[in-house]
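J.: Supplied in structure tokens, the structure appears directly below.
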Amino acid sequence: MGDVLAGFHAAWEFDTDSVLIRFERGIRTPKLFHALGERRIPHEALADVTLAPGKRGTVVLHAVPRAGADPLMEAAAGQLKDGCDPYRLVLPAERETLAEYYRDELRAVLPSSEGPADRFMVDAPQGPLHFKAYDGKASFDGKAVSFRWFWTGASSAKWKAGDQTFPVSDLSGVEWRSPEIFDGYMRLIRRPGSVVQPAQADQDPAAVVFGLGYGPVHESLPFAAAVLATVRARGATAIEDARPSGRRDPADIAERIRHLGELHGAGLLTDEEFSAKKAELLAEL
């Protein structure tokens with residue numbers, strides 16, 4: 001492919017294995033698009049591509065992401081307004097035929113995978129990241145999330161707990177509630193059994209609350225997505241590291257064969273026993 005389809009606020013570049021979405025930096029472009037800059041979406045991260053009428057003489061080409069493939073959309077959990085959805089390309093209605101062509105072309109190269117993705121396939125926003133919530137400043141350096149409380153907004157429970165730092169290794173996820181919804185917040189989900197977290201975000205030292213312009217979508221959502229992606233990546237690595245290997249260390253095998261040779265040479269193992277044990281060890285390589 002390799003073509004480019006430009007719409008309002010974004011342009012899609014079609015590559016052989018992905019779609020590169022470049023967002024404009026115009027005055028009317030949503031701030032979330034400014035923050036994202038550009039995103040490469042592998043074909044395997046998409047479930048479908050649709051085309052539908054838009055508002056005021058437009059059509060909307062929509063690349064539908066697979067569940068679990070994009071940390072940004074996973075963190076957003078369906079709370080983004082249509083105008084801020086990075087997977088929607090709005091075009092003038094007179095370009096509908098061209099949009100249909102690209103919809104069909106893209107559908108033709110999508111893999112037949114069904115169901116949620118087993119890993120994130122789209123890159124999360126890069127750190128270090130930080131933003132100001134209503135009750136504190138949140139920072140993420142790629143290894144730990146830190147909350148520094150503001151005396152003008154933090155609850156007494158948070159002041160009593162003091163400023164907080166949470167290593168990624170202590171987390172199991174992130175919960176983001178849009179600041180455009182009543183009682184918005186971002187909560188770090190602690191690993192099961194580590195601590196009982198208060199139900200109210202303003203009482204939870206592992207959460208920051210939004211409001212009065214603090215914690216806007218274009219700052220808090222990329223932050224939450226970056227933390228979520230790092231938590232998931234670390235969890236996958238930990239599981240992989242803990243999984244027993246199907247093969248033994250060659251150096252260990254060689255050392256055991258050498259020891260068997262000494263026993264055989266000393267007459268403690270017969271030729272048949274030595275050969276059988278040696279074959280068992282070699283089979284573990």
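Chains: A, B, ... in order of the structure tokens. Residues: from 1 per chain. Ligands: from 1, in order shown.
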From a DSSP calculation on the backbone, collect every residue of range 156-234 of chain A in strand (DSSP E or B) and output the set as a list in words.
T.: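 Here is the list: Gln164, Thr165, Phe166, Pro167, Leu171, Ser172, Gly173, Val174, Glu175, Trp176, Arg177, Tyr185, Met186, Arg187, Leu188, Ile189, Arg190, Ala207, Val208, Val209, Gly211 and Tyr214 of chain A.
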J.: Just list the residues in range 40-188 of chain A DSSP gives helix (DSSP H, G or I) on the backbone, as a PyMOL selection string.
T.: chain A and resi 43-45+71-76+82-84+93-109+156-161+168-170
J.: For the selection you just gave me, I'd like the residues written to a file as a compact mmCIF listing (two decimals), in the first residue's frame, keeping N, CA, C and O atoms.
T.:
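Saved to part-v1.txt:
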```txt
# COMPACT_ATOMS: atom_id res chain seq x y z
N HIS A 43 -1.53 -4.12 11.83
CA HIS A 43 -2.77 -4.72 11.36
C HIS A 43 -3.34 -5.71 12.38
O HIS A 43 -4.56 -5.81 12.56
N GLU A 44 -2.45 -6.45 13.05
CA GLU A 44 -2.91 -7.45 13.99
C GLU A 44 -3.59 -6.85 15.21
O GLU A 44 -4.24 -7.55 15.98
N ALA A 45 -3.44 -5.53 15.39
CA ALA A 45 -4.09 -4.85 16.53
C ALA A 45 -5.50 -4.39 16.19
O ALA A 45 -6.18 -3.83 17.05
N PRO A 71 -2.83 0.00 24.92
CA PRO A 71 -2.92 0.43 26.33
C PRO A 71 -3.70 1.72 26.51
O PRO A 71 -4.34 1.93 27.54
N LEU A 72 -3.65 2.61 25.50
CA LEU A 72 -4.40 3.86 25.60
C LEU A 72 -5.89 3.59 25.65
O LEU A 72 -6.60 4.12 26.51
N MET A 73 -6.38 2.76 24.73
CA MET A 73 -7.81 2.48 24.69
C MET A 73 -8.22 1.57 25.85
O MET A 73 -9.36 1.65 26.33
N GLU A 74 -7.30 0.74 26.30
CA GLU A 74 -7.59 -0.11 27.47
C GLU A 74 -7.78 0.75 28.71
O GLU A 74 -8.70 0.53 29.51
N ALA A 75 -6.92 1.76 28.87
CA ALA A 75 -7.04 2.66 30.02
C ALA A 75 -8.29 3.53 29.90
O ALA A 75 -8.97 3.80 30.90
N ALA A 76 -8.61 3.96 28.67
CA ALA A 76 -9.78 4.81 28.47
C ALA A 76 -11.08 4.08 28.76
O ALA A 76 -12.07 4.69 29.19
N ASP A 82 -16.30 10.79 20.88
CA ASP A 82 -16.00 10.46 19.49
C ASP A 82 -14.93 11.39 18.90
O ASP A 82 -14.04 10.96 18.17
N GLY A 83 -15.01 12.66 19.23
CA GLY A 83 -14.08 13.63 18.67
C GLY A 83 -12.65 13.43 19.12
O GLY A 83 -11.72 13.95 18.48
N CYS A 84 -12.45 12.69 20.21
CA CYS A 84 -11.10 12.45 20.73
C CYS A 84 -10.64 11.01 20.49
O CYS A 84 -9.60 10.61 21.00
N ALA A 93 -17.65 14.47 2.89
CA ALA A 93 -18.54 13.47 2.32
C ALA A 93 -18.21 13.16 0.87
O ALA A 93 -18.42 12.04 0.40
N GLU A 94 -17.67 14.13 0.13
CA GLU A 94 -17.34 13.88 -1.27
C GLU A 94 -16.18 12.90 -1.44
O GLU A 94 -15.91 12.43 -2.56
N ARG A 95 -15.51 12.56 -0.35
CA ARG A 95 -14.42 11.59 -0.43
C ARG A 95 -14.86 10.20 0.04
O ARG A 95 -14.03 9.34 0.34
N GLU A 96 -16.17 10.00 0.08
CA GLU A 96 -16.70 8.72 0.57
C GLU A 96 -16.23 7.55 -0.29
O GLU A 96 -15.87 6.49 0.24
N THR A 97 -16.23 7.71 -1.61
CA THR A 97 -15.80 6.61 -2.49
C THR A 97 -14.36 6.23 -2.23
O THR A 97 -14.01 5.04 -2.18
N LEU A 98 -13.51 7.24 -2.05
CA LEU A 98 -12.10 6.97 -1.74
C LEU A 98 -11.97 6.29 -0.38
O LEU A 98 -11.18 5.35 -0.21
N ALA A 99 -12.77 6.72 0.59
CA ALA A 99 -12.75 6.11 1.91
C ALA A 99 -13.20 4.65 1.84
O ALA A 99 -12.64 3.79 2.54
N GLU A 100 -14.19 4.37 1.00
CA GLU A 100 -14.64 2.99 0.83
C GLU A 100 -13.51 2.11 0.28
O GLU A 100 -13.35 0.96 0.69
N TYR A 101 -12.77 2.67 -0.66
CA TYR A 101 -11.65 1.92 -1.25
C TYR A 101 -10.64 1.55 -0.17
O TYR A 101 -10.22 0.39 -0.06
N TYR A 102 -10.24 2.51 0.65
CA TYR A 102 -9.24 2.22 1.69
C TYR A 102 -9.80 1.32 2.78
O TYR A 102 -9.07 0.51 3.36
N ARG A 103 -11.09 1.45 3.07
CA ARG A 103 -11.71 0.53 4.03
C ARG A 103 -11.58 -0.90 3.54
O ARG A 103 -11.17 -1.80 4.28
N ASP A 104 -11.94 -1.11 2.26
CA ASP A 104 -11.89 -2.47 1.70
C ASP A 104 -10.46 -2.98 1.60
O ASP A 104 -10.20 -4.16 1.87
N GLU A 105 -9.53 -2.11 1.21
CA GLU A 105 -8.13 -2.51 1.10
C GLU A 105 -7.56 -2.91 2.46
O GLU A 105 -6.84 -3.90 2.58
N LEU A 106 -7.92 -2.14 3.48
CA LEU A 106 -7.41 -2.44 4.81
C LEU A 106 -8.06 -3.69 5.38
O LEU A 106 -7.39 -4.53 6.00
N ARG A 107 -9.34 -3.84 5.16
CA ARG A 107 -10.02 -5.06 5.63
C ARG A 107 -9.39 -6.31 5.03
O ARG A 107 -9.29 -7.35 5.68
N ALA A 108 -8.97 -6.20 3.78
CA ALA A 108 -8.43 -7.36 3.07
C ALA A 108 -7.12 -7.86 3.66
O ALA A 108 -6.77 -9.03 3.49
N VAL A 109 -6.39 -6.98 4.35
CA VAL A 109 -5.08 -7.39 4.90
C VAL A 109 -5.12 -7.63 6.40
O VAL A 109 -4.09 -7.97 7.00
N SER A 156 -7.14 14.90 54.34
CA SER A 156 -6.34 14.68 55.55
C SER A 156 -5.75 13.27 55.54
O SER A 156 -4.64 13.04 56.04
N ALA A 157 -6.47 12.32 54.95
CA ALA A 157 -5.96 10.94 54.89
C ALA A 157 -4.69 10.87 54.05
O ALA A 157 -3.74 10.15 54.39
N LYS A 158 -4.64 11.64 52.98
CA LYS A 158 -3.45 11.63 52.13
C LYS A 158 -2.31 12.39 52.79
O LYS A 158 -1.14 12.00 52.69
N TRP A 159 -2.64 13.48 53.46
CA TRP A 159 -1.59 14.21 54.18
C TRP A 159 -0.98 13.34 55.27
O TRP A 159 0.23 13.34 55.49
N LYS A 160 -1.83 12.59 55.94
CA LYS A 160 -1.34 11.71 57.00
C LYS A 160 -0.44 10.62 56.44
O LYS A 160 0.58 10.26 57.04
N ALA A 161 -0.79 10.10 55.27
CA ALA A 161 0.02 9.04 54.64
C ALA A 161 1.32 9.59 54.09
O ALA A 161 2.32 8.88 54.00
N VAL A 168 6.65 -0.02 40.00
CA VAL A 168 5.80 -0.76 39.08
C VAL A 168 5.59 -2.19 39.55
O VAL A 168 4.52 -2.78 39.37
N SER A 169 6.61 -2.75 40.20
CA SER A 169 6.53 -4.13 40.67
C SER A 169 5.44 -4.33 41.73
O SER A 169 5.02 -5.45 41.99
N ASP A 170 4.98 -3.23 42.36
CA ASP A 170 3.95 -3.33 43.38
C ASP A 170 2.54 -3.16 42.82
O ASP A 170 1.56 -3.20 43.57
```
J.: Record the distance separating CA of Asp85 in chain A and CA of Gly2 in chain A, expressed in Å with one decimal.
T.: 23.2 Å
J.: Would you mind telling me which residue in A:Ala10, A:Ala77, A:Ala133, A:Ala117 lies nearest to Ala47 in chain A when using only C-alpha atoms?
T.: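 Using only C-alpha atoms, the shortest distance to Ala47 in chain A belongs to A:Ala117.
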J.: Could you give me, as number ranges by chain, the residues within 8 Å of Asp123 in chain A, counting only C-alpha atoms and dropping anything in the same chain fewer than 5 positions from it?
T.: A: 39-40, 70-71
J.: Can you tell me how far CA of Tyr214 in chain A sits from CA of Pro86 in chain A, in Å to one decimal?
T.: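 Interatomic distance here is 22.0 Å.
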J.: Calculate how many Å separate CA of Arg191 in chain A from CA of Leu171 in chain A, rounding to one decimal.
T.: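 Answer for the CA of Arg191 in chain A to CA of Leu171 in chain A separation: 5.2 Å.
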J.: Residues within 10 Å of Gly115 in chain A, please, as a VMD selection string. Count only C-alpha atoms; anything in the same chain fewer than 5 positions from it doesn't count.
T.: chain A and resid 47 66 to 68
J.: Quick one: write out the picked residues with all heavy atoms as an mmCIF file, in the first residue's frame?
T.:
```cif
data_model
loop_
_atom_site.group_PDB
_atom_site.id
_atom_site.type_symbol
_atom_site.label_atom_id
_atom_site.label_comp_id
_atom_site.auth_asym_id
_atom_site.auth_seq_id
_atom_site.Cartn_x
_atom_site.Cartn_y
_atom_site.Cartn_z
ATOM 1 N N ALA A 47 -9.482 -5.075 14.744
ATOM 2 C CA ALA A 47 -10.531 -6.078 14.614
ATOM 3 C C ALA A 47 -11.365 -5.865 13.360
ATOM 4 O O ALA A 47 -11.868 -6.818 12.760
ATOM 5 C CB ALA A 47 -11.446 -6.049 15.840
ATOM 6 N N ARG A 66 -8.645 -4.106 18.418
ATOM 7 C CA ARG A 66 -8.968 -5.308 19.178
ATOM 8 C C ARG A 66 -8.909 -4.993 20.665
ATOM 9 O O ARG A 66 -8.069 -4.200 21.120
ATOM 10 C CB ARG A 66 -7.964 -6.421 18.873
ATOM 11 C CG ARG A 66 -8.109 -7.049 17.515
ATOM 12 C CD ARG A 66 -7.015 -8.074 17.286
ATOM 13 N NE ARG A 66 -7.088 -9.191 18.228
ATOM 14 C CZ ARG A 66 -6.151 -10.129 18.350
ATOM 15 N NH1 ARG A 66 -5.055 -10.065 17.602
ATOM 16 N NH2 ARG A 66 -6.295 -11.115 19.210
ATOM 17 N N ALA A 67 -9.776 -5.603 21.414
ATOM 18 C CA ALA A 67 -9.732 -5.439 22.866
ATOM 19 C C ALA A 67 -8.384 -5.919 23.386
ATOM 20 O O ALA A 67 -7.901 -6.984 22.997
ATOM 21 C CB ALA A 67 -10.853 -6.237 23.512
ATOM 22 N N GLY A 68 -7.758 -5.121 24.228
ATOM 23 C CA GLY A 68 -6.503 -5.517 24.834
ATOM 24 C C GLY A 68 -5.268 -5.263 23.995
ATOM 25 O O GLY A 68 -4.166 -5.584 24.418
#
```
J.: Which polymer residues have any atom within 9 Å of an atom of Phe8 in chain A, counting only C-alpha atoms, with same-chain residues fewer than 3 positions away left out, as a list of chain:residue names?
T.: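 My list of contacting residues is A:Ala11, A:Glu24, A:Thr29, A:Leu89, A:Val90, A:Leu91, A:Pro92.
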J.: Using only C-alpha atoms, pick whichever of A:Ala138, A:Val195, A:Ile189, A:Ala276 has the shortest atom-to-atom distance to Val208 in chain A.
T.: A:Ala138
J.: Calculated over only C-alpha atoms, which of the candidates A:Gly7, A:Gly37, A:Pro222, A:Gly215 has the smallest distance to Asp183 in chain A?
T.: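 Comparing A:Gly7, A:Gly37, A:Pro222, A:Gly215 against Asp183 in chain A, the winner is A:Gly215.
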